[in-house]
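J.: Below you will find the structure I want to go over with you.
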Number of protein chains: 2
Amino acid sequence: MGETETGGAGSPEAPIGVFDSGIGGLTVLREIVLALPEEDTVYLGDTARVPYGSKSRATVERYAREVASFLASHGVKMLVVACNTASAYALDALDDALGIPVVGVVEPGAGRAAALTVNSRVGIIGTEGTIRSNAYTRAIERIAPGIECFAKACPLFVPLAEEGLTQGDIATLVAARYLSELKDSEIDTLVLGCTHYPLLKKAIASVMGPGVGLIDSAEATASEVKSVLTGSGLLRGPRDDAAGRRFFVTDSPERFVAIGKGFFGDGLDTAELAVLDRLPAVCAQG
Amino acid sequence: MGETETGGAGSPEAPIGVFDSGIGGLTVLREIVLALPEEDTVYLGDTARVPYGSKSRATVERYAREVASFLASHGVKMLVVACNTASAYALDALDDALGIPVVGVVEPGAGRAAALTVNSRVGIIGTEGTIRSNAYTRAIERIAPGIECFAKACPLFVPLAEEGLTQGDIATLVAARYLSELKDSEIDTLVLGCTHYPLLKKAIASVMGPGVGLIDSAEATASEVKSVLTGSGLLRGPRDDAAGRRFFVTDSPERFVAIGKGFFGDGLDTAELAVLDRLPAVCAQG
């Protein structure tokens with residue numbers, strides 16, 4: 001605890017902090033690393049308390065604050081909330097609490113959907129929490145008030161993706177069950193509002209048909225990270241050495257590394273255990 | 001915290017504590033209440049950190065200790081671990097740490113399977129953690145060394161049950177995928193080693209066929225609770241007033257009450273929020 005990486009929170013040399021409820025946020029980290037290869041990164045996956053998607057706003061907000069404190073103690077210059085549920089429920093609270101820029105995945109995904117729809121009918125799929133929060137619908141309506149939004153929670157998609165059942169009979173039947181209403185709504189654009197859903201792209205596309213564009217927030221989020229860093233003078237310049245990558249999890253690091261390679265690719269070789277609820281912030285008032 | 005119900009931990013008048021990672025343990029509580037209607041009960045569902053089944057032994061053990069401390073602070077005379085994963089991973093640790101009898105669901109379920117199998121071939125299904133722990137296999141082999149055990153983790157069964165997809169195409173396809181190996185092993189008895197699985201009994205039975213008996217640990221656990229209380233002189237005698245029922249959860253009580261009625265039936269009208277990681281036990285050394 002209290003250990004700070006080189007640079008300090010306000011410096012371009014400080015790392016970017018990225019957090020997710022588990023492993024899915026690694027797809028967002030991968031896009032950030034592709035867009036900004038010179039930046040150091042510190043990732044935290046809250047694998048001991050995953051999933052966030054079925055939990056209440058109050059609980060998700062508390063978890064997000066604890067994770068943000070942990071990453072802040074590592075001197076990050078920016079916090080990226082890669083988890084859709086945490087972005088939907090906790091972004092404002094984190095923005096108020098931290099003295100650094102905070103970027104979520106909802107606004108960038110909503111912006112891309114608003115830019116791409118032609119018939120102004122956009123679908124949104126996500127966890128129970130993300131859909132109940134209405135965060136995507138509100139963001140899209142704020143960006144382009146004429147767009148009509150249709151939202152549907154798909155709770156089985158994450159367990160299907162984690163079981164590797166991304167194609168075949170079961171995936172197609174589950175996708176058909178969740179998506180038939182959205183298909184009837186004649187949307188032309190569908191936001192994949194959960195980091196796991198891009199793994200089910202084929203099953204989702206086979207139900208929705210070729211006329212519906214699928215939006216994955218990861219790339220849009222990486223663009224937003226770059227533009228916020230540039231705007232605030234925090235973009236790191238060219239360097240000779242390799243960028244630093246640290247990975248923390250709250251449950252077994254071994255399991256995270258084994259499964260995480262499929263999400264992140266090369267460069268994820270070790271992870272460290274983070275014990276969030278022993279942080280001074282949680283116990284100080286006890 | 002520190003609040004103690006009437007009687008004190010060593011007295012027959014003290015309540016029975018029952019814990020589960022979430023809502024499934026209510027089926028075990030229901031059997032206990034049917035077998036021992038005069039006993040007061042205190043239930044805790046750790047809904048803020050559910051599920052336990054995909055998490056590591058170390059994490060499940062830590063959670064189980066925190067929950068046990070909470071229930072001990074309510075003066076329970078016995079702890080029933082209704083969660084299969086927590087029974088498989090943490091029962092010995094709890095037994096060592098607490099000065100009261102601790103009953104899990106694994107031993108009772110294993111005992112019933114050993115008593116019922118005719119061809120000495122028993123299947124066990126459960127979460128990843130329960131299966132990885134080998135707790136059922138070890139318990140059955142200890143009770144009846146000649147029995148051959150065949151185990152299989154079925155991670156999608158809990159999300160299917162929670163989505164209400166307990167029958168139909170999707171449930172049958174998922175059951176067939178998980179159970180085909182067990183069917184080929186010619187077992188005559190199958191332990192449903194997770195509190196959610198009895199909800200999928202029809203789909204499981206349709207795949208396994210009529211020659212395979214399905215064992216649900218809840219009833220066997222209630223018998224074991226009665227026999228341990230009797231043996232230790234802690235059985236509560238007849239009473240004129242109604243037995244007390246308290247329900248605690250770590251996430252939204254409203255959601256728990258709404259869904260929990262389906263598992264427990266009448267008598268679950270309110271639940272209270274328990275904040276485990278602010279217990280003195282966790283922060284005292286900070």
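Numbering starts fresh at 1 for the residues of each chain in the structure tokens, the chains themselves are lettered A, B, ... in the order given, and ligands are numbered from 1 as they appear.
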Give me the residues of chain A that have any atom at most 7 Å from an atom of chain B; for each, the nearest atom pair and the distance in Å, rounded to one decimal. Use only C-alpha atoms, sort by chain and number, and format it as a Markdown table.
T.:
| residue | atom | partner | partner_atom | distance |
| --- | --- | --- | --- | --- |
| A:Ala48 | CA | B:Lys55 | CA | 6.6 |
| A:Arg49 | CA | B:Arg49 | CA | 4.9 |
| A:Lys55 | CA | B:Ala48 | CA | 6.6 |
| A:Ser56 | CA | B:Ser252 | CA | 6.1 |
| A:Thr59 | CA | B:Asp251 | CA | 6.5 |
| A:Leu156 | CA | B:Pro159 | CA | 6.4 |
| A:Pro159 | CA | B:Leu156 | CA | 6.4 |
| A:Ile170 | CA | B:Ile170 | CA | 6.2 |
| A:Leu173 | CA | B:Ile170 | CA | 6.8 |
| A:Asp251 | CA | B:Thr59 | CA | 6.5 |
| A:Ser252 | CA | B:Ser56 | CA | 6.1 |
| A:Asp277 | CA | B:Asp277 | CA | 6.8 |
| A:Cys283 | CA | B:Cys283 | CA | 5.7 |
J.: Onto chain A, please fit chain B by least squares using all C-alpha atoms in order, then return the transformed chain as a short mmCIF file (atom, residue, chain, number, x, y, z; two decimals) with C-alpha atoms, in the first residue's frame.
T.:
data_model
loop_
_atom_site.label_atom_id
_atom_site.label_comp_id
_atom_site.auth_asym_id
_atom_site.auth_seq_id
_atom_site.Cartn_x
_atom_site.Cartn_y
_atom_site.Cartn_z
CA MET B 1 -0.09 0.12 0.03
CA GLY B 2 0.89 3.72 -0.45
CA GLU B 3 3.59 2.61 -2.89
CA THR B 4 3.83 5.06 -5.80
CA GLU B 5 5.21 4.40 -9.29
CA THR B 6 7.67 6.78 -10.95
CA GLY B 7 6.31 10.18 -11.79
CA GLY B 8 3.39 10.77 -9.43
CA ALA B 9 -0.29 11.11 -10.27
CA GLY B 10 -0.12 14.46 -12.08
CA SER B 11 2.82 13.62 -14.34
CA PRO B 12 2.88 12.28 -17.94
CA GLU B 13 5.26 9.57 -16.67
CA ALA B 14 2.65 8.13 -14.28
CA PRO B 15 0.80 4.96 -15.37
CA ILE B 16 -2.80 4.65 -16.56
CA GLY B 17 -5.01 2.66 -14.16
CA VAL B 18 -7.57 0.30 -15.70
CA PHE B 19 -10.14 -1.62 -13.70
CA ASP B 20 -12.74 -4.27 -14.34
CA SER B 21 -14.82 -6.64 -12.22
CA GLY B 22 -12.73 -9.47 -13.65
CA ILE B 23 -11.03 -10.47 -16.84
CA GLY B 24 -13.18 -8.88 -19.58
CA GLY B 25 -11.58 -5.44 -19.18
CA LEU B 26 -8.38 -6.86 -20.62
CA THR B 27 -9.94 -6.32 -24.09
CA VAL B 28 -10.15 -2.61 -23.27
CA LEU B 29 -6.59 -2.59 -21.94
CA ARG B 30 -5.42 -4.27 -25.15
CA GLU B 31 -6.93 -1.45 -27.26
CA ILE B 32 -5.36 1.19 -24.99
CA VAL B 33 -1.95 -0.47 -25.35
CA LEU B 34 -2.36 -0.61 -29.14
CA ALA B 35 -3.33 3.08 -29.31
CA LEU B 36 -0.78 4.27 -26.71
CA PRO B 37 2.11 1.79 -26.65
CA GLU B 38 4.42 4.11 -24.70
CA GLU B 39 2.12 4.37 -21.64
CA ASP B 40 2.73 2.35 -18.46
CA THR B 41 -0.42 0.60 -17.24
CA VAL B 42 -1.70 -0.90 -13.98
CA TYR B 43 -4.72 -3.21 -14.30
CA LEU B 44 -6.92 -4.48 -11.47
CA GLY B 45 -9.49 -7.28 -11.92
CA ASP B 46 -11.76 -7.69 -8.90
CA THR B 47 -11.98 -11.46 -9.42
CA ALA B 48 -12.83 -12.24 -5.77
CA ARG B 49 -16.14 -10.36 -6.11
CA VAL B 50 -16.97 -10.84 -9.80
CA PRO B 51 -19.59 -10.49 -11.29
CA TYR B 52 -20.76 -6.91 -10.69
CA GLY B 53 -23.62 -7.16 -13.23
CA SER B 54 -26.14 -8.82 -10.91
CA LYS B 55 -25.36 -6.68 -7.85
CA SER B 56 -26.97 -3.49 -6.56
CA ARG B 57 -25.86 0.06 -7.35
CA ALA B 58 -24.76 0.62 -3.72
CA THR B 59 -22.56 -2.48 -3.70
CA VAL B 60 -21.02 -1.79 -7.12
CA GLU B 61 -20.30 1.80 -6.09
CA ARG B 62 -18.59 0.64 -2.88
CA TYR B 63 -16.46 -1.88 -4.78
CA ALA B 64 -15.53 0.72 -7.41
CA ARG B 65 -14.39 3.17 -4.71
CA GLU B 66 -12.21 0.50 -3.08
CA VAL B 67 -10.62 -0.44 -6.39
CA ALA B 68 -10.08 3.23 -7.28
CA SER B 69 -8.33 3.82 -3.91
CA PHE B 70 -6.05 0.89 -4.62
CA LEU B 71 -5.10 2.17 -8.07
CA ALA B 72 -4.72 5.73 -6.75
CA SER B 73 -2.23 4.35 -4.19
CA HIS B 74 -0.19 3.22 -7.22
CA GLY B 75 0.00 6.81 -8.47
CA VAL B 76 -2.07 6.49 -11.65
CA LYS B 77 -2.61 9.68 -13.69
CA MET B 78 -5.96 8.54 -15.07
CA LEU B 79 -8.56 5.89 -14.19
CA VAL B 80 -10.23 3.88 -16.94
CA VAL B 81 -13.34 2.02 -15.78
CA ALA B 82 -13.40 -0.86 -18.29
CA CYS B 83 -16.40 -2.57 -16.65
CA ASN B 84 -19.72 -1.50 -18.13
CA THR B 85 -21.67 -2.07 -14.91
CA ALA B 86 -19.20 -0.01 -12.85
CA SER B 87 -19.16 2.70 -15.56
CA ALA B 88 -22.96 2.78 -15.51
CA TYR B 89 -23.33 2.90 -11.72
CA ALA B 90 -20.20 4.50 -10.29
CA LEU B 91 -18.57 6.87 -12.80
CA ASP B 92 -19.95 10.08 -11.29
CA ALA B 93 -18.98 9.03 -7.76
CA LEU B 94 -15.42 8.22 -8.87
CA ASP B 95 -15.15 11.43 -10.83
CA ASP B 96 -16.10 13.41 -7.73
CA ALA B 97 -13.80 11.45 -5.40
CA LEU B 98 -10.57 11.33 -7.43
CA GLY B 99 -8.43 14.28 -8.50
CA ILE B 100 -7.54 12.67 -11.85
CA PRO B 101 -9.42 12.19 -15.14
CA VAL B 102 -11.84 9.24 -15.11
CA VAL B 103 -12.96 7.58 -18.37
CA GLY B 104 -15.69 4.93 -18.58
CA VAL B 105 -16.80 2.71 -21.46
CA VAL B 106 -20.42 3.90 -21.67
CA GLU B 107 -19.91 7.40 -23.16
CA PRO B 108 -17.47 6.25 -25.88
CA GLY B 109 -19.72 3.32 -26.88
CA ALA B 110 -22.80 5.56 -26.88
CA GLY B 111 -21.00 8.14 -29.02
CA ARG B 112 -20.02 5.55 -31.61
CA ALA B 113 -23.58 4.15 -31.77
CA ALA B 114 -25.04 7.64 -32.22
CA ALA B 115 -22.56 8.31 -35.04
CA LEU B 116 -23.23 5.05 -36.87
CA THR B 117 -27.01 4.61 -36.77
CA VAL B 118 -28.80 5.62 -39.97
CA ASN B 119 -32.41 4.89 -39.01
CA SER B 120 -31.95 6.34 -35.48
CA ARG B 121 -32.91 3.05 -33.82
CA VAL B 122 -30.22 1.68 -31.48
CA GLY B 123 -30.26 -1.47 -29.36
CA ILE B 124 -28.25 -1.93 -26.16
CA ILE B 125 -27.45 -5.25 -24.49
CA GLY B 126 -25.64 -5.64 -21.18
CA THR B 127 -25.81 -7.04 -17.65
CA GLU B 128 -28.86 -6.54 -15.46
CA GLY B 129 -27.12 -3.64 -13.70
CA THR B 130 -26.04 -1.85 -16.86
CA ILE B 131 -29.51 -2.11 -18.40
CA ARG B 132 -31.34 -1.19 -15.16
CA SER B 133 -29.13 1.92 -14.82
CA ASN B 134 -30.28 3.26 -18.23
CA ALA B 135 -26.78 4.73 -18.58
CA TYR B 136 -26.42 3.96 -22.32
CA THR B 137 -29.91 5.19 -23.17
CA ARG B 138 -29.34 8.45 -21.29
CA ALA B 139 -25.92 8.95 -22.89
CA ILE B 140 -27.24 8.33 -26.42
CA GLU B 141 -30.24 10.60 -25.90
CA ARG B 142 -27.94 13.33 -24.59
CA ILE B 143 -25.65 13.05 -27.63
CA ALA B 144 -28.46 12.77 -30.21
CA PRO B 145 -31.92 13.40 -28.77
CA GLY B 146 -33.77 11.99 -31.81
CA ILE B 147 -32.45 8.45 -31.44
CA GLU B 148 -34.79 5.79 -30.10
CA CYS B 149 -33.16 3.20 -27.80
CA PHE B 150 -34.19 -0.39 -27.06
CA ALA B 151 -32.43 -2.16 -24.18
CA LYS B 152 -32.25 -5.80 -23.04
CA ALA B 153 -30.33 -7.52 -20.24
CA CYS B 154 -28.65 -10.81 -21.27
CA PRO B 155 -27.45 -12.41 -17.99
CA LEU B 156 -26.44 -15.76 -19.54
CA PHE B 157 -23.98 -14.27 -22.06
CA VAL B 158 -21.14 -13.86 -19.53
CA PRO B 159 -21.30 -17.44 -18.18
CA LEU B 160 -21.60 -18.77 -21.77
CA ALA B 161 -18.50 -16.83 -22.83
CA GLU B 162 -16.59 -17.97 -19.73
CA GLU B 163 -17.53 -21.61 -20.49
CA GLY B 164 -16.21 -21.16 -24.04
CA LEU B 165 -19.70 -21.78 -25.49
CA THR B 166 -19.46 -18.86 -27.90
CA GLN B 167 -20.79 -20.72 -30.95
CA GLY B 168 -23.09 -23.66 -31.63
CA ASP B 169 -26.66 -24.66 -30.71
CA ILE B 170 -26.68 -23.42 -27.12
CA ALA B 171 -25.19 -19.98 -27.89
CA THR B 172 -27.56 -19.49 -30.83
CA LEU B 173 -30.66 -20.53 -28.85
CA VAL B 174 -29.75 -18.23 -25.95
CA ALA B 175 -28.98 -15.35 -28.33
CA ALA B 176 -32.30 -15.88 -30.16
CA ARG B 177 -34.17 -15.88 -26.85
CA TYR B 178 -32.64 -12.60 -25.69
CA LEU B 179 -32.52 -10.76 -29.02
CA SER B 180 -35.85 -11.52 -30.71
CA GLU B 181 -37.52 -8.38 -29.26
CA LEU B 182 -34.60 -6.21 -30.43
CA LYS B 183 -34.81 -7.73 -33.90
CA ASP B 184 -38.52 -6.90 -34.03
CA SER B 185 -37.66 -3.29 -33.07
CA GLU B 186 -35.82 -2.87 -36.40
CA ILE B 187 -32.65 -1.42 -34.91
CA ASP B 188 -29.72 -0.94 -37.30
CA THR B 189 -27.04 -0.67 -34.56
CA LEU B 190 -26.49 -2.79 -31.44
CA VAL B 191 -24.19 -1.79 -28.57
CA LEU B 192 -22.40 -4.77 -26.99
CA GLY B 193 -22.53 -3.17 -23.53
CA CYS B 194 -20.41 -5.73 -21.66
CA THR B 195 -16.76 -6.57 -22.20
CA HIS B 196 -17.54 -10.30 -22.62
CA TYR B 197 -20.10 -9.89 -25.40
CA PRO B 198 -17.67 -9.40 -28.32
CA LEU B 199 -16.70 -13.06 -27.73
CA LEU B 200 -20.28 -13.98 -28.75
CA LYS B 201 -20.26 -11.73 -31.84
CA LYS B 202 -20.89 -14.57 -34.30
CA ALA B 203 -23.93 -15.92 -32.44
CA ILE B 204 -25.30 -12.38 -31.97
CA ALA B 205 -24.72 -11.47 -35.64
CA SER B 206 -26.37 -14.70 -36.84
CA VAL B 207 -29.55 -13.76 -34.95
CA MET B 208 -29.55 -10.02 -35.79
CA GLY B 209 -28.62 -10.46 -39.47
CA PRO B 210 -26.19 -8.50 -41.68
CA GLY B 211 -28.15 -5.22 -41.53
CA VAL B 212 -27.26 -4.56 -37.88
CA GLY B 213 -23.88 -3.05 -36.93
CA LEU B 214 -22.36 -4.32 -33.66
CA ILE B 215 -20.53 -1.76 -31.48
CA ASP B 216 -17.74 -2.86 -29.16
CA SER B 217 -16.78 -0.05 -26.74
CA ALA B 218 -13.12 -1.07 -26.33
CA GLU B 219 -11.72 0.75 -29.37
CA ALA B 220 -13.88 3.86 -28.82
CA THR B 221 -12.72 3.95 -25.19
CA ALA B 222 -9.05 3.80 -26.22
CA SER B 223 -9.58 6.81 -28.54
CA GLU B 224 -11.25 8.70 -25.69
CA VAL B 225 -8.33 7.88 -23.35
CA LYS B 226 -5.90 9.28 -25.91
CA SER B 227 -7.88 12.44 -26.43
CA VAL B 228 -8.33 13.12 -22.68
CA LEU B 229 -4.61 12.57 -22.01
CA THR B 230 -3.72 14.88 -24.88
CA GLY B 231 -6.19 17.54 -23.72
CA SER B 232 -4.87 17.50 -20.17
CA GLY B 233 -1.16 17.49 -21.08
CA LEU B 234 -0.68 14.03 -19.58
CA LEU B 235 0.26 12.13 -22.75
CA ARG B 236 3.60 10.39 -22.34
CA GLY B 237 6.25 11.16 -24.94
CA PRO B 238 8.49 8.70 -26.84
CA ARG B 239 10.70 6.42 -24.71
CA ASP B 240 13.59 4.03 -25.28
CA ASP B 241 12.66 1.37 -22.72
CA ALA B 242 9.63 -0.92 -22.81
CA ALA B 243 6.40 0.29 -21.20
CA GLY B 244 5.56 -1.26 -17.80
CA ARG B 245 2.56 -3.58 -17.37
CA ARG B 246 1.34 -4.53 -13.90
CA PHE B 247 -1.67 -6.76 -13.30
CA PHE B 248 -3.45 -7.13 -9.97
CA VAL B 249 -6.36 -9.39 -9.04
CA THR B 250 -8.29 -9.96 -5.82
CA ASP B 251 -8.53 -13.77 -6.29
CA SER B 252 -6.08 -16.37 -7.65
CA PRO B 253 -3.42 -14.73 -9.91
CA GLU B 254 -2.63 -18.11 -11.56
CA ARG B 255 -6.15 -18.59 -12.87
CA PHE B 256 -6.25 -14.99 -14.12
CA VAL B 257 -3.01 -15.36 -16.06
CA ALA B 258 -4.13 -18.67 -17.58
CA ILE B 259 -7.49 -17.33 -18.83
CA GLY B 260 -6.35 -13.73 -19.37
CA LYS B 261 -3.93 -14.57 -22.18
CA GLY B 262 -6.96 -15.28 -24.40
CA PHE B 263 -8.25 -11.75 -23.76
CA PHE B 264 -4.99 -9.78 -23.76
CA GLY B 265 -2.46 -11.82 -25.74
CA ASP B 266 1.27 -11.70 -25.10
CA GLY B 267 2.57 -9.54 -22.26
CA LEU B 268 0.41 -11.01 -19.50
CA ASP B 269 2.83 -13.37 -17.79
CA THR B 270 2.35 -12.65 -14.09
CA ALA B 271 -0.26 -11.07 -11.85
CA GLU B 272 -0.15 -10.00 -8.21
CA LEU B 273 -2.70 -10.44 -5.43
CA ALA B 274 -4.37 -7.22 -4.20
CA VAL B 275 -6.13 -7.30 -0.82
CA LEU B 276 -8.64 -4.47 -1.14
CA ASP B 277 -10.58 -4.75 2.08
CA ARG B 278 -7.44 -4.44 4.16
CA LEU B 279 -6.74 -1.01 2.65
CA PRO B 280 -6.49 1.76 5.26
CA ALA B 281 -9.38 3.63 3.58
CA VAL B 282 -11.86 0.94 4.54
CA CYS B 283 -10.76 0.34 8.12
CA ALA B 284 -9.62 3.82 9.19
CA GLN B 285 -12.93 4.78 10.84
CA GLY B 286 -13.45 1.34 12.55
#
J.: In region 149-286 of chain A, what's strand (DSSP E) per DSSP? Answer as a PyMOL selection string?
T.: chain A and resi 149-153+189-193+213-216+245-249+272-273
J.: Take the residues from that selection and write them out as a JSON list (two decimals), in the first residue's frame, keeping N, CA, C and O atoms.
T.:
[["chain", "number", "residue", "atom", "x", "y", "z"],
["A", 149, "CYS", "N", -33.98, 4.27, -28.32],
["A", 149, "CYS", "CA", -33.15, 3.19, -27.78],
["A", 149, "CYS", "C", -34.01, 2.02, -27.29],
["A", 149, "CYS", "O", -35.08, 2.24, -26.72],
["A", 150, "PHE", "N", -33.50, 0.80, -27.48],
["A", 150, "PHE", "CA", -34.18, -0.43, -27.05],
["A", 150, "PHE", "C", -33.15, -1.25, -26.28],
["A", 150, "PHE", "O", -32.11, -1.61, -26.84],
["A", 151, "ALA", "N", -33.43, -1.54, -25.00],
["A", 151, "ALA", "CA", -32.42, -2.17, -24.17],
["A", 151, "ALA", "C", -32.87, -3.54, -23.67],
["A", 151, "ALA", "O", -34.06, -3.76, -23.42],
["A", 152, "LYS", "N", -31.92, -4.46, -23.52],
["A", 152, "LYS", "CA", -32.25, -5.82, -23.06],
["A", 152, "LYS", "C", -31.06, -6.40, -22.26],
["A", 152, "LYS", "O", -29.93, -6.43, -22.75],
["A", 153, "ALA", "N", -31.36, -6.86, -21.04],
["A", 153, "ALA", "CA", -30.33, -7.53, -20.24],
["A", 153, "ALA", "C", -30.17, -8.98, -20.72],
["A", 153, "ALA", "O", -31.16, -9.64, -21.03],
["A", 189, "THR", "N", -28.31, -0.73, -35.29],
["A", 189, "THR", "CA", -27.05, -0.66, -34.56],
["A", 189, "THR", "C", -27.28, -1.28, -33.17],
["A", 189, "THR", "O", -28.29, -1.00, -32.55],
["A", 190, "LEU", "N", -26.34, -2.13, -32.75],
["A", 190, "LEU", "CA", -26.48, -2.78, -31.45],
["A", 190, "LEU", "C", -25.20, -2.60, -30.64],
["A", 190, "LEU", "O", -24.12, -3.00, -31.07],
["A", 191, "VAL", "N", -25.33, -1.98, -29.44],
["A", 191, "VAL", "CA", -24.18, -1.77, -28.57],
["A", 191, "VAL", "C", -23.95, -3.04, -27.73],
["A", 191, "VAL", "O", -24.86, -3.48, -27.01],
["A", 192, "LEU", "N", -22.76, -3.62, -27.82],
["A", 192, "LEU", "CA", -22.39, -4.77, -26.98],
["A", 192, "LEU", "C", -21.89, -4.19, -25.66],
["A", 192, "LEU", "O", -20.70, -3.97, -25.47],
["A", 193, "GLY", "N", -22.84, -3.95, -24.74],
["A", 193, "GLY", "CA", -22.53, -3.19, -23.53],
["A", 193, "GLY", "C", -21.98, -4.00, -22.38],
["A", 193, "GLY", "O", -22.36, -3.80, -21.22],
["A", 213, "GLY", "N", -25.28, -3.26, -37.31],
["A", 213, "GLY", "CA", -23.88, -3.05, -36.93],
["A", 213, "GLY", "C", -23.68, -3.28, -35.44],
["A", 213, "GLY", "O", -24.49, -2.83, -34.63],
["A", 214, "LEU", "N", -22.61, -4.02, -35.07],
["A", 214, "LEU", "CA", -22.34, -4.31, -33.66],
["A", 214, "LEU", "C", -21.23, -3.40, -33.14],
["A", 214, "LEU", "O", -20.15, -3.33, -33.75],
["A", 215, "ILE", "N", -21.49, -2.71, -32.03],
["A", 215, "ILE", "CA", -20.53, -1.74, -31.48],
["A", 215, "ILE", "C", -19.86, -2.32, -30.25],
["A", 215, "ILE", "O", -20.53, -2.66, -29.27],
["A", 216, "ASP", "N", -18.54, -2.40, -30.29],
["A", 216, "ASP", "CA", -17.73, -2.84, -29.15],
["A", 216, "ASP", "C", -17.07, -1.58, -28.60],
["A", 216, "ASP", "O", -16.39, -0.86, -29.33],
["A", 245, "ARG", "N", 3.93, -3.01, -17.50],
["A", 245, "ARG", "CA", 2.58, -3.57, -17.38],
["A", 245, "ARG", "C", 2.47, -4.27, -16.03],
["A", 245, "ARG", "O", 3.19, -5.24, -15.78],
["A", 246, "ARG", "N", 1.58, -3.81, -15.17],
["A", 246, "ARG", "CA", 1.34, -4.53, -13.91],
["A", 246, "ARG", "C", -0.11, -4.99, -13.89],
["A", 246, "ARG", "O", -1.01, -4.27, -14.34],
["A", 247, "PHE", "N", -0.32, -6.18, -13.38],
["A", 247, "PHE", "CA", -1.66, -6.75, -13.29],
["A", 247, "PHE", "C", -1.92, -7.17, -11.86],
["A", 247, "PHE", "O", -1.11, -7.90, -11.27],
["A", 248, "PHE", "N", -3.03, -6.70, -11.30],
["A", 248, "PHE", "CA", -3.45, -7.12, -9.96],
["A", 248, "PHE", "C", -4.81, -7.79, -10.05],
["A", 248, "PHE", "O", -5.66, -7.42, -10.87],
["A", 249, "VAL", "N", -5.03, -8.77, -9.17],
["A", 249, "VAL", "CA", -6.36, -9.39, -9.04],
["A", 249, "VAL", "C", -6.64, -9.59, -7.56],
["A", 249, "VAL", "O", -5.72, -9.60, -6.74],
["A", 272, "GLU", "N", -0.38, -10.07, -9.65],
["A", 272, "GLU", "CA", -0.15, -9.99, -8.21],
["A", 272, "GLU", "C", -1.49, -9.95, -7.47],
["A", 272, "GLU", "O", -2.46, -9.46, -8.01],
["A", 273, "LEU", "N", -1.47, -10.43, -6.23],
["A", 273, "LEU", "CA", -2.69, -10.44, -5.43],
["A", 273, "LEU", "C", -2.88, -9.08, -4.74],
["A", 273, "LEU", "O", -1.96, -8.58, -4.08]]
J.: Run DSSP on the backbone and grab whatever in region 61-194 of chain A lands in helix (DSSP H, G or I); send it over as an NGL selection string.
T.: :A and (61-72 or 84-97 or 106-116 or 128-133 or 135-143 or 157-162 or 169-184)
